[in-house]
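Trainee: One structure, pasted below without further comment.
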Amino acid sequence: MRRLRNIGRLFTGTQAGVIEKAAIICDDDEHIAWCGPQGEEPIDLMGYVAHEEDCGGGLVTAGLIDAHTHPLYAGNRMAEIAMRSAGASYEEIARAGGGIVASVKATREAGDKALEQATAERLRKWLEGGATTVEAKTGYHLEREGELGATRILKRLSDRQDLPRIEVTFLAAHAQPPDRGADLGKYTKQVASWCADAYSAGARFCDVFCDRGYFSVSQSRRILKAALKAQLIPRLHADELARTGGARLAAELHASSADHLLRANRGDAAALARAGVVATLAPGTALSMGRLPPVKDFLAAGTTIALGTDHNPGTSGITSMSVVVAMAVAVFKLSVERALLAATVGGALSVARLDRGAVAATMLADLVLWDADHEGAFAWSYGLRPLRVWRGGAQVLS
């Protein structure tokens with residue numbers, strides 16, 4: 001067993017709140033055996049402690065959870081980012097050959113080995129921002145073999161102990177393929193037929209970009225019902241570009257998460273809350289798009305909020321969930337406590353995991369010691385630095 005001692009503040013994410021002068025005992029099976037005030041450790045557990053780590057009076061939290069990313073891609077889209085900064089809209093960039101289609105072309109040209117290596121190197125950066133779980137989507141091939149191949153790559157990466165835990169999402173329904181003669185209606189039927197294979201390849205979730213100019217509510221419903229039949233958990237990109245009904249569809253299907261929600265309203269917030277659907281928000285993308293989601297409506301309705309970097313090649317290069325927490329405070333006007341809960345407990349619910357996101361007995365020992373003695377530092381430093389990161393009690397960053 002391993003004991004982390006001399007913790008100045010332990011942000012538990014539970015009803016225990018913050019415990020000062022705390023300690024944690026991790027068992028040999030990746031879980032927390034005990035946590036609480038230092039000096040109150042159970043004698044029977046202390047007899048098994050073989051390793052001690054001094055946290056120097058610092059702040060410890062559960063590992064952060066990034067609930068929305070697109071990390072598997074090739075190429076870059078810096079030119080179109082410059083276009084957007086000059087006033088071009090998302091749709092205008094897409095019509096000019098940019099957007100998702102540009103990344104599809106580059107990703108299709110890259111070999112699987114190069115893609116896997118680049119994605120692994122990319123995902124390693126999440127540890128540097130304190131994230132120990134990352135939801136990761138496919139979506140830059142838009143054809144059967146490529147999407148299933150991307151799913152297998154992410155599943156292989158999820159087995160690596162030197163990376164964050166990976167939650168694999170099948171997002172073949174990201175956009176209409178750029179191929180000649182491609183038709184969104186026909187492609188919808190094809191993606192629906194691939195869901196069982198995606199599950200076999202290692203996907204846990206199925207996502208659809210349900211929005212204006214992309215997949216309609218009826219098309220999204222067809223794909224996600226096929227996903228449910230294939231044992232995939234549904235989630236949606238919803239109401240980002242226009243209010244087209246994505247949030248209501250997420251509620252109808254009891255999806256794990258509805259993401260972005262920049263155009264959602266109070267009624268949508270209430271529907272999500274009633275259905276137990278998490279609102280996964282990405283402050284970096286909201287700033288990029290020039291519109292904020294209705295955070296006050298989500299809070300008033302009791303909707304669970306999670307946070308994501310939305311890392312992707314076109315709108316967000318963020319890999320640090322520490323930065324996202326700071327942005328959620330500054331941009332969404334969440335308190336530091338609410339932002340941290342969204343990045344831990346909320347993130348765990350978004351990825352449908354009950355074994356992480358909080359510091360308590362039986363939870364995974366995914367923990368972060370921060371370069372701070374109080375959680376208020378998240379809102380001050382814009383990228384608070386982890387001193388140590390533990391994944392299942394094993395140190396993966398120091």
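Going through the structure tokens in order, the chains are called A, B, and so on, while each chain numbers its residues from 1 and the ligands are numbered from 1 in the order shown.
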Name the residues in contact with Ala192 of chain A at a cut-off of 12 Å, using only C-alpha atoms, excluding same-chain residues fewer than 5 positions from it; report them as a PyMOL selection string.
Mentor: chain A and resi 144+170-173+185-187+197-199+206-208+219-230+232
Trainee: Assign secondary structure with DSSP using the backbone only, and return the residues of segment 61-135 of chain A in strand (DSSP E or B) as a PyMOL selection string.
Mentor: chain A and resi 61-62+64-66+69+131-135
Trainee: Those residues with N, CA and C atoms, as a PDB file, in the first residue's frame please?
Mentor:
```
ATOM      1  N   THR A  61      -6.392  16.870  -5.422  1.00  0.00           N
ATOM      2  CA  THR A  61      -7.741  16.634  -5.935  1.00  0.00           C
ATOM      3  C   THR A  61      -7.773  15.280  -6.639  1.00  0.00           C
ATOM      4  N   ALA A  62      -8.977  14.853  -6.966  1.00  0.00           N
ATOM      5  CA  ALA A  62      -9.092  13.721  -7.892  1.00  0.00           C
ATOM      6  C   ALA A  62      -8.520  14.135  -9.237  1.00  0.00           C
ATOM      7  N   LEU A  64      -8.425  15.125 -12.940  1.00  0.00           N
ATOM      8  CA  LEU A  64      -9.443  15.813 -13.736  1.00  0.00           C
ATOM      9  C   LEU A  64      -9.888  14.928 -14.895  1.00  0.00           C
ATOM     10  N   ILE A  65     -11.100  15.166 -15.372  1.00  0.00           N
ATOM     11  CA  ILE A  65     -11.676  14.354 -16.440  1.00  0.00           C
ATOM     12  C   ILE A  65     -12.063  15.261 -17.601  1.00  0.00           C
ATOM     13  N   ASP A  66     -11.460  15.016 -18.741  1.00  0.00           N
ATOM     14  CA  ASP A  66     -11.790  15.772 -19.954  1.00  0.00           C
ATOM     15  C   ASP A  66     -12.882  14.998 -20.688  1.00  0.00           C
ATOM     16  N   THR A  69     -13.137  15.354 -26.351  1.00  0.00           N
ATOM     17  CA  THR A  69     -11.932  15.628 -27.153  1.00  0.00           C
ATOM     18  C   THR A  69     -12.000  14.917 -28.503  1.00  0.00           C
ATOM     19  N   ALA A 131      -5.201  15.843 -16.063  1.00  0.00           N
ATOM     20  CA  ALA A 131      -6.298  14.961 -16.472  1.00  0.00           C
ATOM     21  C   ALA A 131      -5.845  13.511 -16.448  1.00  0.00           C
ATOM     22  N   THR A 132      -6.627  12.663 -15.788  1.00  0.00           N
ATOM     23  CA  THR A 132      -6.315  11.241 -15.729  1.00  0.00           C
ATOM     24  C   THR A 132      -7.322  10.400 -16.511  1.00  0.00           C
ATOM     25  N   THR A 133      -8.410  11.018 -16.987  1.00  0.00           N
ATOM     26  CA  THR A 133      -9.369  10.349 -17.871  1.00  0.00           C
ATOM     27  C   THR A 133      -9.699  11.299 -19.014  1.00  0.00           C
ATOM     28  N   VAL A 134      -9.699  10.771 -20.240  1.00  0.00           N
ATOM     29  CA  VAL A 134      -9.978  11.575 -21.427  1.00  0.00           C
ATOM     30  C   VAL A 134     -10.976  10.829 -22.308  1.00  0.00           C
ATOM     31  N   GLU A 135     -12.105  11.451 -22.595  1.00  0.00           N
ATOM     32  CA  GLU A 135     -13.024  10.926 -23.608  1.00  0.00           C
ATOM     33  C   GLU A 135     -12.435  11.295 -24.959  1.00  0.00           C
TER      34      GLU A 135
END
```
Trainee: Can you list, as a list of chain:residue names, every protein, DNA or RNA residue that comes within 7 Å of Cys35 of chain A when you count only C-alpha atoms, leaving out same-chain residues fewer than 4 positions away?
Mentor: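 Within the cut-off, the hits are A:Ala23, A:Ile24, A:Ile25, A:Ala360, A:Ala361.
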Trainee: Set the distance at 6 Å and use only C-alpha atoms: which residues neighbour His31 of chain A once local chain neighbours fewer than 3 positions away are removed? I'd like the list as number ranges by chain.
Mentor: A: 26-27, 362-365
Trainee: Selected residues, N, CA and C atoms, written as a PDB file, in the first residue's frame, please.
Mentor:
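Output (part_1.pdb):
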```
ATOM      1  N   CYS A  26      -3.631   4.296  -0.483  1.00  0.00           N
ATOM      2  CA  CYS A  26      -3.990   3.616  -1.731  1.00  0.00           C
ATOM      3  C   CYS A  26      -3.657   2.135  -1.588  1.00  0.00           C
ATOM      4  N   ASP A  27      -4.598   1.277  -2.019  1.00  0.00           N
ATOM      5  CA  ASP A  27      -4.325  -0.157  -1.955  1.00  0.00           C
ATOM      6  C   ASP A  27      -3.498  -0.589  -3.162  1.00  0.00           C
ATOM      7  N   THR A 362     -12.744   3.209  -2.034  1.00  0.00           N
ATOM      8  CA  THR A 362     -13.175   2.350  -3.152  1.00  0.00           C
ATOM      9  C   THR A 362     -13.069   3.030  -4.514  1.00  0.00           C
ATOM     10  N   MET A 363     -12.851   4.344  -4.569  1.00  0.00           N
ATOM     11  CA  MET A 363     -12.681   5.026  -5.859  1.00  0.00           C
ATOM     12  C   MET A 363     -11.272   4.756  -6.394  1.00  0.00           C
ATOM     13  N   LEU A 364     -11.121   4.870  -7.723  1.00  0.00           N
ATOM     14  CA  LEU A 364      -9.794   4.737  -8.307  1.00  0.00           C
ATOM     15  C   LEU A 364      -8.844   5.771  -7.703  1.00  0.00           C
ATOM     16  N   ALA A 365      -7.619   5.366  -7.470  1.00  0.00           N
ATOM     17  CA  ALA A 365      -6.617   6.274  -6.911  1.00  0.00           C
ATOM     18  C   ALA A 365      -5.979   7.102  -8.023  1.00  0.00           C
TER      19      ALA A 365
END
```
Trainee: Could you name the residues that touch Ile81 of chain A at 12 Å or less, counting only C-alpha atoms, but leaving out those on the same chain fewer than 6 positions away, as a ChimeraX atom specification?
Mentor: /A:87-90,93-94,98-99,288-289,312-317
Trainee: Can you write out the residues you just picked, keeping C-alpha atoms, as a PDB file, in the first residue's frame?
Mentor:
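Writing the result to selection_28.pdb gives the following:
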```pdb
ATOM      1  CA  GLY A  87     -14.572  37.150 -39.239  1.00  0.00           C
ATOM      2  CA  ALA A  88     -15.247  34.013 -41.329  1.00  0.00           C
ATOM      3  CA  SER A  89     -18.041  31.818 -39.943  1.00  0.00           C
ATOM      4  CA  TYR A  90     -17.873  28.076 -39.259  1.00  0.00           C
ATOM      5  CA  ILE A  93     -14.854  27.996 -43.724  1.00  0.00           C
ATOM      6  CA  ALA A  94     -16.469  24.622 -44.453  1.00  0.00           C
ATOM      7  CA  GLY A  98     -11.801  23.895 -44.584  1.00  0.00           C
ATOM      8  CA  GLY A  99     -13.324  22.593 -41.399  1.00  0.00           C
ATOM      9  CA  SER A 288     -13.873  30.688 -30.351  1.00  0.00           C
ATOM     10  CA  MET A 289     -17.475  30.630 -31.569  1.00  0.00           C
ATOM     11  CA  ASN A 312      -9.470  19.351 -32.182  1.00  0.00           C
ATOM     12  CA  PRO A 313      -7.408  20.553 -35.149  1.00  0.00           C
ATOM     13  CA  GLY A 314      -9.701  23.444 -36.046  1.00  0.00           C
ATOM     14  CA  THR A 315     -10.995  25.356 -33.037  1.00  0.00           C
ATOM     15  CA  SER A 316      -9.173  24.279 -29.870  1.00  0.00           C
ATOM     16  CA  GLY A 317      -5.587  23.263 -29.269  1.00  0.00           C
TER      17      GLY A 317
END
```
Trainee: So the first atom is atom CA of Ala82 of chain A and the second is atom CA of Glu240 of chain A; what is the distance between them in Å, to one decimal place?
Mentor: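 Separation between atom CA of Ala82 of chain A and atom CA of Glu240 of chain A: 20.8 Å.
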Trainee: Mind checking which residues fall within 8 Å of Gly202 of chain A, counting only C-alpha atoms, ignoring those fewer than 6 positions away in the same chain, and posting them as an mmCIF file with N, CA and C atoms, in the first residue's frame?
Mentor:
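The resulting file, part_34.cif, is reproduced below:
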```cif
data_model
loop_
_atom_site.group_PDB
_atom_site.id
_atom_site.type_symbol
_atom_site.label_atom_id
_atom_site.label_comp_id
_atom_site.auth_asym_id
_atom_site.auth_seq_id
_atom_site.Cartn_x
_atom_site.Cartn_y
_atom_site.Cartn_z
ATOM 1 N N THR A 151 -11.038 3.604 -34.120
ATOM 2 C CA THR A 151 -11.580 3.064 -32.872
ATOM 3 C C THR A 151 -10.592 2.083 -32.253
ATOM 4 N N ARG A 152 -10.008 1.223 -33.076
ATOM 5 C CA ARG A 152 -9.037 0.246 -32.577
ATOM 6 C C ARG A 152 -7.781 0.930 -32.035
ATOM 7 N N LYS A 155 -8.630 2.264 -28.687
ATOM 8 C CA LYS A 155 -8.748 1.155 -27.719
ATOM 9 C C LYS A 155 -7.364 0.665 -27.317
ATOM 10 N N VAL A 168 -13.477 5.584 -25.233
ATOM 11 C CA VAL A 168 -13.497 5.607 -26.696
ATOM 12 C C VAL A 168 -14.904 5.889 -27.219
#
```
Trainee: To one decimal place, how far is atom CA of His237 of chain A from atom CA of Met321 of chain A in Å?
Mentor: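 Distance between the two atoms: 19.6 Å.
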Trainee: Can you work out which one of A:Arg77, A:Arg160, A:Lys137, A:His260 has the shortest atom-to-atom distance to Ala106 of chain A, counting only C-alpha atoms?
Mentor: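 Selected residue with least distance to Ala106 of chain A: A:Arg77.
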Trainee: What does the structure give for the distance between atom CA of Gly130 of chain A and atom CA of Leu367 of chain A, in Å to one decimal?
Mentor: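 It comes out at 8.5 Å.
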Trainee: Using only C-alpha atoms, which residues sit within 10 Å of Thr14 of chain A once same-chain residues fewer than 5 positions away are excluded, as a ChimeraX atom specification?
Mentor: /A:341,345,357-360
